[in-house]
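*Asks:* What follows is a structure written as structure tokens; I'll ask about it next.
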Amino acid sequence: MQKDKATPMKAVTPTSVNHVVLTVRDIEESHRFWTEIIGLKLVGALKPQQPGGPERPKMRFYSADHDGKMSHHDVALLENPNYPAPAANWDLMANPSAVNHLALALPDREAWLKQLEFMQSRGVKFHRRVDHGMTHSVYISDPNGHGIELLYELPREMWENDIEGAQNYAVRLPTEGAEALVDRTDSPSFGRATAPAAE
């Protein structure tokens with residue numbers, strides 16, 4: 001350690017969450033879910049063994065679409081056949097997994113609605129449909145019980161002046177049938193400065 005430098009007095013705030021690694025029981029089953037249902041792209045896999053090195057676990061790496069480019073990975077799957085089976089009914093408030101849920105953003109409202117319709121046509125159970133103050137969201141789960149929130153963000157000016165107020169706003173919506181595919185457009189704004197009254 002250099003003696004002429006002062007020790008930082010506070011943590012450096014990260015710029016983003018770089019990736020999440022999920023433990024899964026069956027990597028083939030999970031691969032199908034994350035590519036065919038969620039739409040992530042496989043970008044790599046861990047080689048079984050490096051010359052002279054120990055055997056490595058089965059692990060695959062997946063990327064979202066970053067304006068037409070791939071990342072090294074946003075989500076990784078790590079196979080452990082002994083990982084516990086998920087609860088029969090996933091519940092946000094009683095999820096036994098160490099990761100309650102991870103949120104994946106769709107580019108816009110239209111893409112999000114298409115994804116909801118696609119998932120419903122594939123028999124994916126919607127556990128929750130919620131309009132939050134900063135996102136409109138659907139909650140599902142993968143074959144291992146990991147919760148997944150698929151969302152689109154509302155315009156920043158609707159929530160940035162009162163993030164806490166937007167986080168505390170939640171309207172529960174239907175999770176089945178045609179009603180689960182309806183998206184309201186009358187979302188409130190939080191903390192927006194009001195125009196001065198006319199004199």
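The chains in the structure tokens are called A, B, ... from first to last as shown; in each chain the residues are counted from 1, and the ligands are counted from 1 in the order shown.
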Identify, on the basis of only C-alpha atoms, every residue whose closest approach to A:Trp34 does not exceed 12 Å; exclude the query and any residue fewer than 2 positions from it along the same chain; express the result as a PyMOL selection string.

*Replies:* chain A and resi 22+24+27-32+36-42+60-64+74-77+104+141-144+146+148

*Asks:* Using N, CA and C atoms, can you write the selected residues to a file as an mmCIF file, in the first residue's frame?

*Replies:*
data_model
loop_
_atom_site.group_PDB
_atom_site.id
_atom_site.type_symbol
_atom_site.label_atom_id
_atom_site.label_comp_id
_atom_site.auth_asym_id
_atom_site.auth_seq_id
_atom_site.Cartn_x
_atom_site.Cartn_y
_atom_site.Cartn_z
ATOM 1 N N LEU A 22 -26.874 -18.164 -11.649
ATOM 2 C CA LEU A 22 -27.938 -18.943 -11.024
ATOM 3 C C LEU A 22 -27.554 -20.412 -10.968
ATOM 4 N N VAL A 24 -28.598 -24.222 -11.034
ATOM 5 C CA VAL A 24 -29.711 -24.975 -11.617
ATOM 6 C C VAL A 24 -29.446 -26.467 -11.463
ATOM 7 N N ILE A 27 -28.890 -28.349 -16.483
ATOM 8 C CA ILE A 27 -28.486 -27.226 -17.334
ATOM 9 C C ILE A 27 -29.174 -27.257 -18.696
ATOM 10 N N GLU A 28 -29.521 -28.445 -19.203
ATOM 11 C CA GLU A 28 -30.208 -28.524 -20.503
ATOM 12 C C GLU A 28 -31.628 -27.972 -20.389
ATOM 13 N N GLU A 29 -32.340 -28.357 -19.344
ATOM 14 C CA GLU A 29 -33.699 -27.849 -19.118
ATOM 15 C C GLU A 29 -33.666 -26.330 -18.957
ATOM 16 N N SER A 30 -32.718 -25.847 -18.167
ATOM 17 C CA SER A 30 -32.614 -24.404 -17.930
ATOM 18 C C SER A 30 -32.177 -23.657 -19.188
ATOM 19 N N HIS A 31 -31.297 -24.258 -19.965
ATOM 20 C CA HIS A 31 -30.878 -23.648 -21.241
ATOM 21 C C HIS A 31 -32.095 -23.418 -22.137
ATOM 22 N N ARG A 32 -32.944 -24.416 -22.254
ATOM 23 C CA ARG A 32 -34.143 -24.264 -23.101
ATOM 24 C C ARG A 32 -35.025 -23.133 -22.597
ATOM 25 N N GLU A 36 -35.338 -20.201 -25.111
ATOM 26 C CA GLU A 36 -36.594 -20.316 -25.868
ATOM 27 C C GLU A 36 -37.734 -19.499 -25.276
ATOM 28 N N ILE A 37 -37.798 -19.361 -23.965
ATOM 29 C CA ILE A 37 -38.884 -18.611 -23.326
ATOM 30 C C ILE A 37 -38.469 -17.172 -23.026
ATOM 31 N N ILE A 38 -37.299 -16.988 -22.439
ATOM 32 C CA ILE A 38 -36.841 -15.640 -22.097
ATOM 33 C C ILE A 38 -36.170 -14.953 -23.271
ATOM 34 N N GLY A 39 -35.481 -15.696 -24.135
ATOM 35 C CA GLY A 39 -34.890 -15.106 -25.335
ATOM 36 C C GLY A 39 -33.450 -14.656 -25.201
ATOM 37 N N LEU A 40 -32.763 -15.031 -24.107
ATOM 38 C CA LEU A 40 -31.347 -14.695 -24.002
ATOM 39 C C LEU A 40 -30.555 -15.513 -25.025
ATOM 40 N N LYS A 41 -29.382 -15.016 -25.380
ATOM 41 C CA LYS A 41 -28.523 -15.676 -26.374
ATOM 42 C C LYS A 41 -27.344 -16.340 -25.662
ATOM 43 N N LEU A 42 -27.076 -17.611 -26.011
ATOM 44 C CA LEU A 42 -25.920 -18.314 -25.475
ATOM 45 C C LEU A 42 -24.660 -17.716 -26.095
ATOM 46 N N ARG A 60 -22.825 -22.252 -18.315
ATOM 47 C CA ARG A 60 -23.073 -21.575 -19.590
ATOM 48 C C ARG A 60 -23.358 -20.106 -19.336
ATOM 49 N N PHE A 61 -23.058 -19.298 -20.365
ATOM 50 C CA PHE A 61 -23.132 -17.846 -20.251
ATOM 51 C C PHE A 61 -24.075 -17.289 -21.309
ATOM 52 N N TYR A 62 -24.921 -16.328 -20.909
ATOM 53 C CA TYR A 62 -25.981 -15.809 -21.773
ATOM 54 C C TYR A 62 -25.979 -14.283 -21.763
ATOM 55 N N SER A 63 -26.349 -13.724 -22.913
ATOM 56 C CA SER A 63 -26.393 -12.268 -23.043
ATOM 57 C C SER A 63 -27.781 -11.798 -23.467
ATOM 58 N N ALA A 64 -28.140 -10.642 -22.960
ATOM 59 C CA ALA A 64 -29.301 -9.915 -23.467
ATOM 60 C C ALA A 64 -28.858 -9.146 -24.712
ATOM 61 N N ASP A 74 -24.753 -11.677 -19.136
ATOM 62 C CA ASP A 74 -25.626 -11.009 -18.179
ATOM 63 C C ASP A 74 -26.124 -12.005 -17.137
ATOM 64 N N VAL A 75 -26.364 -13.237 -17.613
ATOM 65 C CA VAL A 75 -26.812 -14.331 -16.750
ATOM 66 C C VAL A 75 -25.947 -15.541 -17.049
ATOM 67 N N ALA A 76 -25.544 -16.260 -16.008
ATOM 68 C CA ALA A 76 -24.839 -17.529 -16.180
ATOM 69 C C ALA A 76 -25.596 -18.604 -15.410
ATOM 70 N N LEU A 77 -25.538 -19.822 -15.915
ATOM 71 C CA LEU A 77 -26.149 -20.973 -15.254
ATOM 72 C C LEU A 77 -25.042 -21.916 -14.811
ATOM 73 N N LEU A 104 -35.527 -8.399 -15.690
ATOM 74 C CA LEU A 104 -35.029 -8.240 -17.048
ATOM 75 C C LEU A 104 -35.896 -7.208 -17.761
ATOM 76 N N SER A 141 -41.449 -17.671 -12.989
ATOM 77 C CA SER A 141 -40.310 -18.370 -12.385
ATOM 78 C C SER A 141 -39.762 -19.381 -13.370
ATOM 79 N N ASP A 142 -38.468 -19.681 -13.213
ATOM 80 C CA ASP A 142 -37.828 -20.653 -14.093
ATOM 81 C C ASP A 142 -38.007 -22.058 -13.510
ATOM 82 N N PRO A 143 -37.530 -23.094 -14.210
ATOM 83 C CA PRO A 143 -37.738 -24.462 -13.711
ATOM 84 C C PRO A 143 -37.100 -24.750 -12.350
ATOM 85 N N ASN A 144 -36.213 -23.876 -11.885
ATOM 86 C CA ASN A 144 -35.558 -24.067 -10.595
ATOM 87 C C ASN A 144 -36.144 -23.202 -9.490
ATOM 88 N N HIS A 146 -36.333 -19.878 -9.534
ATOM 89 C CA HIS A 146 -35.812 -18.515 -9.492
ATOM 90 C C HIS A 146 -36.883 -17.571 -10.026
ATOM 91 N N ILE A 148 -38.419 -14.334 -11.775
ATOM 92 C CA ILE A 148 -37.994 -13.470 -12.873
ATOM 93 C C ILE A 148 -39.064 -12.405 -13.068
#

*Asks:* What are the DSSP alpha helix (DSSP H) residues of stretch 70-123 of chain A, as a ChimeraX atom specification?

*Replies:* /A:109-121

*Asks:* Here is a test: counting only C-alpha atoms, which residue of A:Phe126, A:Trp112, A:Tyr139, A:Tyr152 is nearest to A:Glu179?

*Replies:* A:Phe126

*Asks:* Using only C-alpha atoms, which of the listed residues (A:Thr175, A:Asn89, A:Ser187, A:Asn100) sits closest to A:Thr135?

*Replies:*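 The shortest atom-to-atom distance to A:Thr135 comes from A:Ser187.
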
*Asks:* What is the atom CA of A:Gln115-atom CA of A:Arg172 distance in Å, reported with one decimal?

*Replies:*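 Between atom CA of A:Gln115 and atom CA of A:Arg172 the gap works out to 18.9 Å.
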
*Asks:* May I have the residues within 9 Å of A:Lys47 as a list in words, using only C-alpha atoms and disregarding those fewer than 3 positions away in the same chain?

*Replies:*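 After dropping sequence-adjacent residues, the list is Gln50, Arg56, Pro57, Lys58 and Met59 of chain A.
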
*Asks:* List as a PyMOL selection string the protein and nucleic acid residues near stretch 165-167 of chain A, meaning an atom at most 12 Å away when only C-alpha atoms are counted, but skip any in the same chain fewer than 4 places from it.

*Replies:* chain A and resi 130-136+153-161+171+187-192

*Asks:* Okay, now the selection with C-alpha atoms, as a PDB file, in the first residue's frame?

*Replies:*
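Saved to part.pdb:
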ATOM      1  CA  VAL A 130     -48.036  -5.331 -11.194  1.00  0.00           C
ATOM      2  CA  ASP A 131     -47.947  -1.756 -12.377  1.00  0.00           C
ATOM      3  CA  HIS A 132     -45.239  -0.121 -10.276  1.00  0.00           C
ATOM      4  CA  GLY A 133     -44.556   3.592 -10.286  1.00  0.00           C
ATOM      5  CA  MET A 134     -41.440   3.147 -12.430  1.00  0.00           C
ATOM      6  CA  THR A 135     -42.149  -0.099 -14.315  1.00  0.00           C
ATOM      7  CA  HIS A 136     -44.946  -2.306 -15.561  1.00  0.00           C
ATOM      8  CA  GLU A 153     -39.531   1.145 -17.629  1.00  0.00           C
ATOM      9  CA  LEU A 154     -41.846   4.117 -17.634  1.00  0.00           C
ATOM     10  CA  PRO A 155     -40.337   7.416 -18.784  1.00  0.00           C
ATOM     11  CA  ARG A 156     -37.764   8.659 -16.296  1.00  0.00           C
ATOM     12  CA  GLU A 157     -39.515  11.987 -15.768  1.00  0.00           C
ATOM     13  CA  MET A 158     -42.483  10.071 -14.303  1.00  0.00           C
ATOM     14  CA  TRP A 159     -40.514   8.717 -11.321  1.00  0.00           C
ATOM     15  CA  GLU A 160     -37.055  10.314 -10.951  1.00  0.00           C
ATOM     16  CA  ASN A 161     -38.158  13.157  -8.663  1.00  0.00           C
ATOM     17  CA  VAL A 171     -51.396  -1.963  -8.573  1.00  0.00           C
ATOM     18  CA  SER A 187     -49.834   5.653 -14.758  1.00  0.00           C
ATOM     19  CA  PRO A 188     -49.308   8.472 -12.258  1.00  0.00           C
ATOM     20  CA  SER A 189     -46.189  10.631 -12.079  1.00  0.00           C
ATOM     21  CA  PHE A 190     -44.196  10.960  -8.867  1.00  0.00           C
ATOM     22  CA  GLY A 191     -42.561  14.123  -7.654  1.00  0.00           C
ATOM     23  CA  ARG A 192     -43.160  16.038 -10.852  1.00  0.00           C
TER      24      ARG A 192
END

*Asks:* Using only C-alpha atoms, which protein or nucleic acid residues come within 10 Å of A:Pro84? Drop anything in the same chain fewer than 5 positions from it, and give the result as an MDAnalysis selection string.

*Replies:* chainID A and resid 23:25 96:97 144:145

*Asks:* Tell me which of A:Arg184, A:Glu176, A:Ser71, A:Pro107 sits closest to A:Asn18, counting only C-alpha atoms.

*Replies:*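 Of A:Arg184, A:Glu176, A:Ser71, A:Pro107, the one nearest A:Asn18, counting only C-alpha atoms, is A:Ser71.
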
*Asks:* Between atom CA of A:Ala11 and atom CA of A:Ile163, measure the distance and give it in Å to one decimal.

*Replies:*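 Separating atom CA of A:Ala11 from atom CA of A:Ile163 is a distance of 22.0 Å.
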